[in-house]
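Below: input.pdb (PDB, C-alpha atoms)
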ATOM      1  CA  MET A   1      -9.143  -7.691  -7.007
ATOM      2  CA  ASN A   2     -11.431  -5.207  -5.348
ATOM      3  CA  PHE A   3     -10.664  -1.951  -3.621
ATOM      4  CA  SER A   4     -12.064  -1.255  -0.174
ATOM      5  CA  ILE A   5     -13.155   2.313   0.569
ATOM      6  CA  LYS A   6     -14.388   2.539   4.120
ATOM      7  CA  ASP A   7     -13.247   5.317   6.418
ATOM      8  CA  SER A   8     -13.463   9.076   6.565
ATOM      9  CA  ARG A   9     -10.032   9.678   5.036
ATOM     10  CA  PRO A  10      -9.931  10.970   1.460
ATOM     11  CA  ILE A  11     -10.616   8.263  -1.108
ATOM     12  CA  TRP A  12      -7.439   8.974  -3.074
ATOM     13  CA  GLN A  13      -5.356   8.282   0.061
ATOM     14  CA  GLN A  14      -7.102   4.960   0.618
ATOM     15  CA  LEU A  15      -6.542   4.025  -3.027
ATOM     16  CA  THR A  16      -2.878   5.005  -2.793
ATOM     17  CA  GLU A  17      -2.395   2.771   0.250
ATOM     18  CA  GLN A  18      -4.060  -0.172  -1.438
ATOM     19  CA  LEU A  19      -2.030   0.276  -4.624
ATOM     20  CA  ARG A  20       1.198   0.512  -2.587
ATOM     21  CA  GLN A  21       0.246  -2.765  -0.925
ATOM     22  CA  ARG A  22      -0.339  -4.398  -4.301
ATOM     23  CA  ILE A  23       3.017  -3.199  -5.584
ATOM     24  CA  VAL A  24       5.137  -4.295  -2.601
ATOM     25  CA  THR A  25       3.428  -7.698  -2.416
ATOM     26  CA  GLY A  26       4.092  -8.383  -6.097
ATOM     27  CA  VAL A  27       0.549  -8.193  -7.445
ATOM     28  CA  TYR A  28       2.153  -5.734  -9.852
ATOM     29  CA  PRO A  29       5.705  -7.113 -10.191
ATOM     30  CA  PRO A  30       8.774  -4.882 -10.645
ATOM     31  CA  GLY A  31       9.074  -3.657 -14.218
ATOM     32  CA  SER A  32       5.550  -4.728 -15.164
ATOM     33  CA  ARG A  33       3.019  -2.574 -16.961
ATOM     34  CA  PHE A  34       0.804  -0.787 -14.469
ATOM     35  CA  PRO A  35      -2.934  -0.643 -15.243
ATOM     36  CA  SER A  36      -4.240   2.595 -16.688
ATOM     37  CA  VAL A  37      -6.022   5.233 -14.648
ATOM     38  CA  ARG A  38      -9.296   4.362 -16.381
ATOM     39  CA  GLU A  39      -8.899   0.635 -15.727
ATOM     40  CA  LEU A  40      -8.201   1.159 -12.046
ATOM     41  CA  ALA A  41     -10.897   3.828 -11.642
ATOM     42  CA  SER A  42     -13.429   1.442 -13.178
ATOM     43  CA  GLU A  43     -12.307  -1.378 -10.882
ATOM     44  CA  ALA A  44     -12.546   0.863  -7.805
ATOM     45  CA  GLY A  45     -15.784   2.546  -8.880
ATOM     46  CA  VAL A  46     -14.305   6.034  -8.557
ATOM     47  CA  ASN A  47     -13.851   9.066 -10.765
ATOM     48  CA  PRO A  48     -10.700   8.863 -12.938
ATOM     49  CA  ASN A  49      -9.513  12.175 -11.451
ATOM     50  CA  THR A  50      -9.517  10.570  -8.000
ATOM     51  CA  MET A  51      -7.492   7.628  -9.267
ATOM     52  CA  GLN A  52      -5.138   9.995 -11.094
ATOM     53  CA  ARG A  53      -4.371  11.694  -7.809
ATOM     54  CA  ALA A  54      -3.509   8.332  -6.243
ATOM     55  CA  MET A  55      -1.327   7.440  -9.226
ATOM     56  CA  GLY A  56       0.446  10.782  -8.949
ATOM     57  CA  GLN A  57       1.335   9.934  -5.358
ATOM     58  CA  LEU A  58       2.718   6.551  -6.449
ATOM     59  CA  GLU A  59       4.965   8.391  -8.901
ATOM     60  CA  THR A  60       6.076  10.785  -6.160
ATOM     61  CA  ASP A  61       6.851   7.741  -3.983
ATOM     62  CA  GLY A  62       8.998   6.347  -6.807
ATOM     63  CA  LEU A  63       6.899   3.193  -7.089
ATOM     64  CA  VAL A  64       5.789   3.777 -10.676
ATOM     65  CA  THR A  65       7.254   5.640 -13.621
ATOM     66  CA  THR A  66       5.562   7.085 -16.667
ATOM     67  CA  ASN A  67       6.727   6.557 -20.208
ATOM     68  CA  ARG A  68       4.766   8.437 -22.846
ATOM     69  CA  THR A  69       4.637   5.533 -25.269
ATOM     70  CA  GLN A  70       4.264   2.637 -22.841
ATOM     71  CA  GLY A  71       2.196   4.123 -20.031
ATOM     72  CA  ARG A  72       3.143   3.498 -16.417
ATOM     73  CA  THR A  73       5.382   0.728 -15.164
ATOM     74  CA  VAL A  74       6.268  -0.488 -11.702
ATOM     75  CA  THR A  75       9.777   0.487 -10.640
ATOM     76  CA  ARG A  76      12.528  -2.098 -10.930
ATOM     77  CA  ASP A  77      14.386  -0.470  -8.030
ATOM     78  CA  THR A  78      14.279  -3.118  -5.316
ATOM     79  CA  GLU A  79      15.623  -0.651  -2.721
ATOM     80  CA  VAL A  80      12.607   1.619  -3.256
ATOM     81  CA  LEU A  81      10.262  -1.354  -3.000
ATOM     82  CA  GLU A  82      11.914  -2.654   0.170
ATOM     83  CA  ALA A  83      11.881   0.814   1.763
ATOM     84  CA  MET A  84       8.149   1.092   1.073
ATOM     85  CA  ARG A  85       7.529  -2.429   2.410
ATOM     86  CA  ARG A  86       9.319  -1.540   5.646
ATOM     87  CA  SER A  87       7.473   1.783   5.899
ATOM     88  CA  LEU A  88       4.116   0.018   5.562
ATOM     89  CA  ALA A  89       5.176  -2.591   8.128
ATOM     90  CA  ARG A  90       6.255   0.104  10.590
ATOM     91  CA  ALA A  91       2.939   1.909  10.235
ATOM     92  CA  ARG A  92       1.010  -1.298  10.915
ATOM     93  CA  THR A  93       3.267  -2.100  13.860
ATOM     94  CA  GLN A  94       2.625   1.331  15.368
ATOM     95  CA  GLU A  95      -1.139   0.859  14.928
ATOM     96  CA  TYR A  96      -0.932  -2.542  16.602
ATOM     97  CA  LEU A  97       1.087  -1.227  19.530
ATOM     98  CA  GLN A  98      -1.330   1.667  20.031
ATOM     99  CA  GLU A  99      -4.248  -0.772  20.110
ATOM    100  CA  MET A 100      -2.435  -3.024  22.582
ATOM    101  CA  GLN A 101      -1.631  -0.016  24.774
ATOM    102  CA  ALA A 102      -5.332   0.887  24.728
ATOM    103  CA  LEU A 103      -6.000  -2.622  26.042
ATOM    104  CA  GLY A 104      -3.521  -2.034  28.828
ATOM    105  CA  LEU A 105      -0.652  -4.112  27.430
ATOM    106  CA  GLU A 106       2.922  -2.890  27.370
ATOM    107  CA  ALA A 107       5.088  -3.263  24.243
ATOM    108  CA  ALA A 108       6.910  -6.304  25.677
ATOM    109  CA  ALA A 109       3.634  -8.139  26.310
ATOM    110  CA  ALA A 110       2.396  -7.235  22.820
ATOM    111  CA  ALA A 111       5.669  -8.519  21.328
ATOM    112  CA  GLU A 112       5.254 -11.784  23.229
ATOM    113  CA  LEU A 113       1.767 -12.190  21.767
ATOM    114  CA  VAL A 114       3.164 -11.650  18.281
ATOM    115  CA  ARG A 115       5.868 -14.267  18.920
ATOM    116  CA  GLU A 116       3.312 -16.777  20.223
ATOM    117  CA  GLU A 117       0.943 -16.242  17.318
ATOM    118  CA  GLY A 118       3.817 -16.352  14.844
ATOM    119  CA  GLU A 119       4.739 -19.811  16.050
ATOM    120  CA  LYS A 120       1.236 -20.992  15.121
ATOM    121  CA  ILE A 121       1.611 -19.970  11.484
TER
END
Can you dump the structure from the file as structure tokens?
Amino acid sequence: MNFSIKDSRPIWQQLTEQLRQRIVTGVYPPGSRFPSVRELASEAGVNPNTMQRAMGQLETDGLVTTNRTQGRTVTRDTEVLEAMRRSLARARTQEYLQEMQALGLEAAAAAELVREEGEKI
């Protein structure tokens, strides 16, 4: 699975977002061993220090924990995972609504589009 570094925001923030996404979608299941900093840095093509900063943020978020003998593991706390999932969904919803507003659509019209498209899935 590749990382995508593309905008002007700091790389470690982009990596953090992508790792959060992987965790809440189950790519790294609750309680599983989390890849090492070196493994992830190699996969992303970034300096290990950059990846370490992203991993530090994941720890601050409560998504991963560090055990000296076993390395990092994904939290088993489903409440933390669900809170992060909802936070990510809210952020994407806000981005969507801002884009729809820029197109001249009100929130109700944007919601109707979502409903219509959701029925197609």
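Minimum atom-to-atom distances from A:Val46, A:Leu63, A:Val80, A:Met100 to Arg22 in chain A were compared using all atoms listed in the file, and the lowest value belongs to A:Leu63.
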What are the closest atom pairs, with distances in Å to one decimal, for all residues of range 38-119 of chain A lying within 12 Å of range 5-20 of chain A? Consider only C-alpha atoms, order rows by chain and residue number, and present the result as JSON lines.
{"residue": "A:Leu40", "atom": "CA", "partner": "A:Leu15", "partner_atom": "CA", "distance": 9.6}
{"residue": "A:Ala41", "atom": "CA", "partner": "A:Leu15", "partner_atom": "CA", "distance": 9.7}
{"residue": "A:Glu43", "atom": "CA", "partner": "A:Leu15", "partner_atom": "CA", "distance": 11.1}
{"residue": "A:Ala44", "atom": "CA", "partner": "A:Leu15", "partner_atom": "CA", "distance": 8.3}
{"residue": "A:Gly45", "atom": "CA", "partner": "A:Ile5", "partner_atom": "CA", "distance": 9.8}
{"residue": "A:Val46", "atom": "CA", "partner": "A:Ile11", "partner_atom": "CA", "distance": 8.6}
{"residue": "A:Asn47", "atom": "CA", "partner": "A:Trp12", "partner_atom": "CA", "distance": 10.0}
{"residue": "A:Pro48", "atom": "CA", "partner": "A:Trp12", "partner_atom": "CA", "distance": 10.4}
{"residue": "A:Asn49", "atom": "CA", "partner": "A:Trp12", "partner_atom": "CA", "distance": 9.2}
{"residue": "A:Thr50", "atom": "CA", "partner": "A:Trp12", "partner_atom": "CA", "distance": 5.6}
{"residue": "A:Met51", "atom": "CA", "partner": "A:Trp12", "partner_atom": "CA", "distance": 6.3}
{"residue": "A:Gln52", "atom": "CA", "partner": "A:Trp12", "partner_atom": "CA", "distance": 8.4}
{"residue": "A:Arg53", "atom": "CA", "partner": "A:Trp12", "partner_atom": "CA", "distance": 6.3}
{"residue": "A:Ala54", "atom": "CA", "partner": "A:Thr16", "partner_atom": "CA", "distance": 4.8}
{"residue": "A:Met55", "atom": "CA", "partner": "A:Thr16", "partner_atom": "CA", "distance": 7.1}
{"residue": "A:Gly56", "atom": "CA", "partner": "A:Thr16", "partner_atom": "CA", "distance": 9.1}
{"residue": "A:Gln57", "atom": "CA", "partner": "A:Thr16", "partner_atom": "CA", "distance": 7.0}
{"residue": "A:Leu58", "atom": "CA", "partner": "A:Thr16", "partner_atom": "CA", "distance": 6.9}
{"residue": "A:Glu59", "atom": "CA", "partner": "A:Thr16", "partner_atom": "CA", "distance": 10.5}
{"residue": "A:Thr60", "atom": "CA", "partner": "A:Thr16", "partner_atom": "CA", "distance": 11.2}
{"residue": "A:Asp61", "atom": "CA", "partner": "A:Arg20", "partner_atom": "CA", "distance": 9.3}
{"residue": "A:Gly62", "atom": "CA", "partner": "A:Arg20", "partner_atom": "CA", "distance": 10.6}
{"residue": "A:Leu63", "atom": "CA", "partner": "A:Arg20", "partner_atom": "CA", "distance": 7.7}
{"residue": "A:Val64", "atom": "CA", "partner": "A:Arg20", "partner_atom": "CA", "distance": 9.9}
{"residue": "A:Val74", "atom": "CA", "partner": "A:Arg20", "partner_atom": "CA", "distance": 10.5}
{"residue": "A:Thr75", "atom": "CA", "partner": "A:Arg20", "partner_atom": "CA", "distance": 11.8}
{"residue": "A:Val80", "atom": "CA", "partner": "A:Arg20", "partner_atom": "CA", "distance": 11.5}
{"residue": "A:Leu81", "atom": "CA", "partner": "A:Arg20", "partner_atom": "CA", "distance": 9.3}
{"residue": "A:Glu82", "atom": "CA", "partner": "A:Arg20", "partner_atom": "CA", "distance": 11.5}
{"residue": "A:Ala83", "atom": "CA", "partner": "A:Arg20", "partner_atom": "CA", "distance": 11.5}
{"residue": "A:Met84", "atom": "CA", "partner": "A:Arg20", "partner_atom": "CA", "distance": 7.9}
{"residue": "A:Arg85", "atom": "CA", "partner": "A:Arg20", "partner_atom": "CA", "distance": 8.6}
{"residue": "A:Arg86", "atom": "CA", "partner": "A:Arg20", "partner_atom": "CA", "distance": 11.7}
{"residue": "A:Ser87", "atom": "CA", "partner": "A:Arg20", "partner_atom": "CA", "distance": 10.6}
{"residue": "A:Leu88", "atom": "CA", "partner": "A:Arg20", "partner_atom": "CA", "distance": 8.7}
{"residue": "A:Ala89", "atom": "CA", "partner": "A:Arg20", "partner_atom": "CA", "distance": 11.8}
{"residue": "A:Ala91", "atom": "CA", "partner": "A:Glu17", "partner_atom": "CA", "distance": 11.4}
{"residue": "A:Arg92", "atom": "CA", "partner": "A:Glu17", "partner_atom": "CA", "distance": 11.9}
Please, what is the axis-aligned box for every listed atom of range 100-108 of chain A with 3 Å on each side, as centre and edge lengths in Å to one decimal, as JSON?
{"center_x": 0.5, "center_y": -2.7, "center_z": 25.7, "size_x": 18.9, "size_y": 13.2, "size_z": 12.2}
- Expressed in Å to a single decimal, how great is the separation between CA of Arg90 in chain A and CA of Arg115 in chain A?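 Interatomic distance, CA of Arg90 in chain A to CA of Arg115 in chain A: 16.6 Å.
Relative to CA of Ser4 in chain A, CA of Gly71 in chain A is found at 25.0 Å.
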- Message: So the first atom is CA of Phe3 in chain A and the second is CA of Gln21 in chain A; what is the distance between them in Å, to one decimal place?
- Response: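 Between CA of Phe3 in chain A and CA of Gln21 in chain A the gap is 11.3 Å.
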- Message: Using all atoms listed in the file, can you tell me which of A:Ala110, A:Phe34, A:Gln94, A:Val24 comes closest to Gln70 in chain A?
- Response: A:Phe34
